[in-house]
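Single-structure report; data block below.
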Amino acid sequence: MSAVRTARTVVAATLVAGLAATALAAPALAAPAPAKQDHAAAQQALQAAVDAGVPGAVAQARDGRTAWTGTAGERKGNDRYRVGSITKTFVATVLLQLQAEGRIDLDDPVEKWLPGVVRGNGHDGRKITVRQLLNHTSGVYSVTSDPGFQEKIFGPGFLEHRYDRWTPKQLVDIAMTHAPDFAPGTAWNYSNTNYVLAGMVIEKVTGRPYGKAVENRIIKPLKLRATSVPGTDVRMPKPSSPAYSTLSADPNAKVHDVSKLSPTLAYAAGEMISDSNDLQTFYRALLKGKLLPKAELREMTTTVPISPELPGAGYGLGLMKQKLSCGKEIWGHGGGIHGSSSDAQATRDGNHSIALNFNADWTGDTQAVLEGEFCG
């Protein structure tokens, strides 16, 4: 991905390391647009992304009873795509469901469920809770920040290693070769290792692959027909269009088709596939209380600060809130993985939502689409 990306996307989305955040725009109140023009700004932002070099862009929005689909370039409205770190909201939802059933307490130490796994160079699973994994206050080093992993998985080495299979334990072990970012509970830092561990905890609690829990508890009940947890399947289901990456920090580098890859490199931190319709259905159901009891949804939406520079942003349990330039507050998650930049957001009542994707990871501004949809 490019070196410049919106703060929300950097914080919430990426599996690709080395991105830098930019501040959100200063608050400015916009006059409400006529109903027929509600999505014009979002469509313009999609086209601007394609004009900037993104091969294809798609967005779908719902506002009350109305729905809109916008496309630009080679993307189609019903395309499926890799959603990257949007996977994290599904994973956190499952763990909150398990807590509601009395099968786990999010304040359990990680060591209780994964004995001996989080150890090394100052990491200690006895001092880290499952909740701290979910809200990124654990201090656990992110595997995607490891230089060797970056070179093999996100750089030119990807072309040789794209089909390598990784176990969750291998990903965690790479992280354990580094010191923690901070003592548990003392700060905030986005770490993909947190959600690798969260997926492992689900498997320990349920005795089955975490993806089965996601399927049985979320995908099937909500009838999310375009959503899947691919596991070891390297292919993209149809309909879909190719995903492209430069595999380099240089936006002018050669562009590669990276559609096929081993999802095991991301696991529970970002392996899922979906489309814009399903993602909206999921976040609307979640925020409307259809997937979690009130107490668990309250825990999920209890946020910790991300940065003093972003006073309107906070991270809950696999769910992030942000304030847009017009003052509107939205909740959701972003997702970045090879050749795919996605976002799914909704108002807190779940009535107004959008989900979008660019099939490129080096250019394009997903935040502009959000601003266009919610602020006009």
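By order of appearance in the structure tokens: chains A, B, ..., then residues from 1 within every chain, and ligands from 1 in the order shown.
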Could you give me, as JSON lines, a per-residue list for stretch 274-364 of chain A showing, wherever an atom lies at most 9 Å from an atom of stretch 77-82 of chain A, the closest pair of atoms and their distance in Å to one decimal, using only C-alpha atoms and sorting by chain then residue number from low to high?
{"residue": "A:Ser274", "atom": "CA", "partner": "A:Arg80", "partner_atom": "CA", "distance": 5.3}
{"residue": "A:Asp275", "atom": "CA", "partner": "A:Arg80", "partner_atom": "CA", "distance": 4.5}
{"residue": "A:Ser276", "atom": "CA", "partner": "A:Asn78", "partner_atom": "CA", "distance": 7.3}
{"residue": "A:Asn277", "atom": "CA", "partner": "A:Asn78", "partner_atom": "CA", "distance": 7.7}
{"residue": "A:Gly335", "atom": "CA", "partner": "A:Arg82", "partner_atom": "CA", "distance": 8.4}
{"residue": "A:Gly336", "atom": "CA", "partner": "A:Arg82", "partner_atom": "CA", "distance": 8.3}
{"residue": "A:Ile337", "atom": "CA", "partner": "A:Arg82", "partner_atom": "CA", "distance": 7.1}
{"residue": "A:His338", "atom": "CA", "partner": "A:Arg82", "partner_atom": "CA", "distance": 8.5}
{"residue": "A:Gly339", "atom": "CA", "partner": "A:Arg82", "partner_atom": "CA", "distance": 8.7}
{"residue": "A:Ser340", "atom": "CA", "partner": "A:Arg82", "partner_atom": "CA", "distance": 6.4}
{"residue": "A:Ser341", "atom": "CA", "partner": "A:Arg82", "partner_atom": "CA", "distance": 8.4}
{"residue": "A:Ser342", "atom": "CA", "partner": "A:Arg82", "partner_atom": "CA", "distance": 8.1}
{"residue": "A:Asn357", "atom": "CA", "partner": "A:Tyr81", "partner_atom": "CA", "distance": 7.5}
{"residue": "A:Asn359", "atom": "CA", "partner": "A:Tyr81", "partner_atom": "CA", "distance": 8.0}
Tell me, as a short mmCIF file (atom, residue, chain, number, x, y, z; two decimals) with N, CA and C atoms, in the first residue's frame, which residues lie within 7 Å of stretch 220-232 of chain A, counting only C-alpha atoms; anything in the same chain fewer than 2 positions away does not count.
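Below is the file result.cif, written as the result:
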data_model
loop_
_atom_site.label_atom_id
_atom_site.label_comp_id
_atom_site.auth_asym_id
_atom_site.auth_seq_id
_atom_site.Cartn_x
_atom_site.Cartn_y
_atom_site.Cartn_z
N ARG A 80 -17.15 -10.07 -5.24
CA ARG A 80 -16.62 -10.48 -3.95
C ARG A 80 -15.16 -10.05 -3.87
N GLY A 211 -13.12 -20.58 11.99
CA GLY A 211 -13.97 -20.29 10.85
C GLY A 211 -15.33 -20.98 10.93
N GLU A 215 -18.94 -19.21 10.71
CA GLU A 215 -19.97 -19.68 9.78
C GLU A 215 -21.27 -19.99 10.51
N ASN A 216 -21.19 -20.76 11.59
CA ASN A 216 -22.39 -21.22 12.27
C ASN A 216 -23.09 -20.13 13.08
N ARG A 217 -22.33 -19.17 13.57
CA ARG A 217 -22.89 -18.15 14.45
C ARG A 217 -23.25 -16.85 13.73
N ILE A 218 -22.64 -16.59 12.57
CA ILE A 218 -22.88 -15.31 11.89
C ILE A 218 -23.29 -15.50 10.44
N VAL A 234 -6.79 -21.03 -1.99
CA VAL A 234 -6.10 -19.83 -2.51
C VAL A 234 -6.95 -19.07 -3.51
N SER A 262 -2.39 -17.65 -0.27
CA SER A 262 -2.75 -18.51 0.84
C SER A 262 -3.35 -17.67 1.97
N PRO A 263 -4.62 -17.85 2.29
CA PRO A 263 -5.24 -17.06 3.36
C PRO A 263 -4.60 -17.29 4.72
N THR A 264 -3.81 -18.36 4.85
CA THR A 264 -3.19 -18.67 6.13
C THR A 264 -2.20 -17.60 6.57
N GLU A 271 -8.44 -12.98 6.94
CA GLU A 271 -8.52 -13.88 5.80
C GLU A 271 -9.86 -13.91 5.06
N MET A 272 -10.91 -13.30 5.59
CA MET A 272 -12.25 -13.53 5.07
C MET A 272 -12.50 -12.88 3.71
N ILE A 273 -13.52 -13.39 3.04
CA ILE A 273 -13.99 -12.90 1.74
C ILE A 273 -15.46 -12.55 1.87
N SER A 274 -15.88 -11.45 1.23
CA SER A 274 -17.30 -11.07 1.29
C SER A 274 -17.62 -10.15 0.12
N ASP A 275 -18.79 -9.53 0.17
CA ASP A 275 -19.12 -8.47 -0.79
C ASP A 275 -19.79 -7.33 -0.03
N ASP A 278 -23.28 -8.15 1.77
CA ASP A 278 -23.17 -8.95 2.99
C ASP A 278 -22.54 -8.16 4.14
#
Let's see if you can do this: from backbone DSSP, list all strand (DSSP E or B) residues in stretch 40-265 of chain A, as a ChimeraX atom specification. /A:56-63,66-73,81-82,109,119-120,123-124,129,228,244-245,256-257
Could you tell me how far atom CA of A:His178 lies from atom CA of A:Val196, in Å and to one decimal?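 Separation between atom CA of A:His178 and atom CA of A:Val196: 16.1 Å.
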So which one's closest to A:Glu373, A:Asp51, A:Glu296, A:Asp361, A:Asp63? Using only C-alpha atoms, please. A:Asp63
Restricting the calculation to only C-alpha atoms: of A:Leu171, A:Ala285, A:Leu319, A:Val205, which residue gets closest to A:His136? A:Leu319
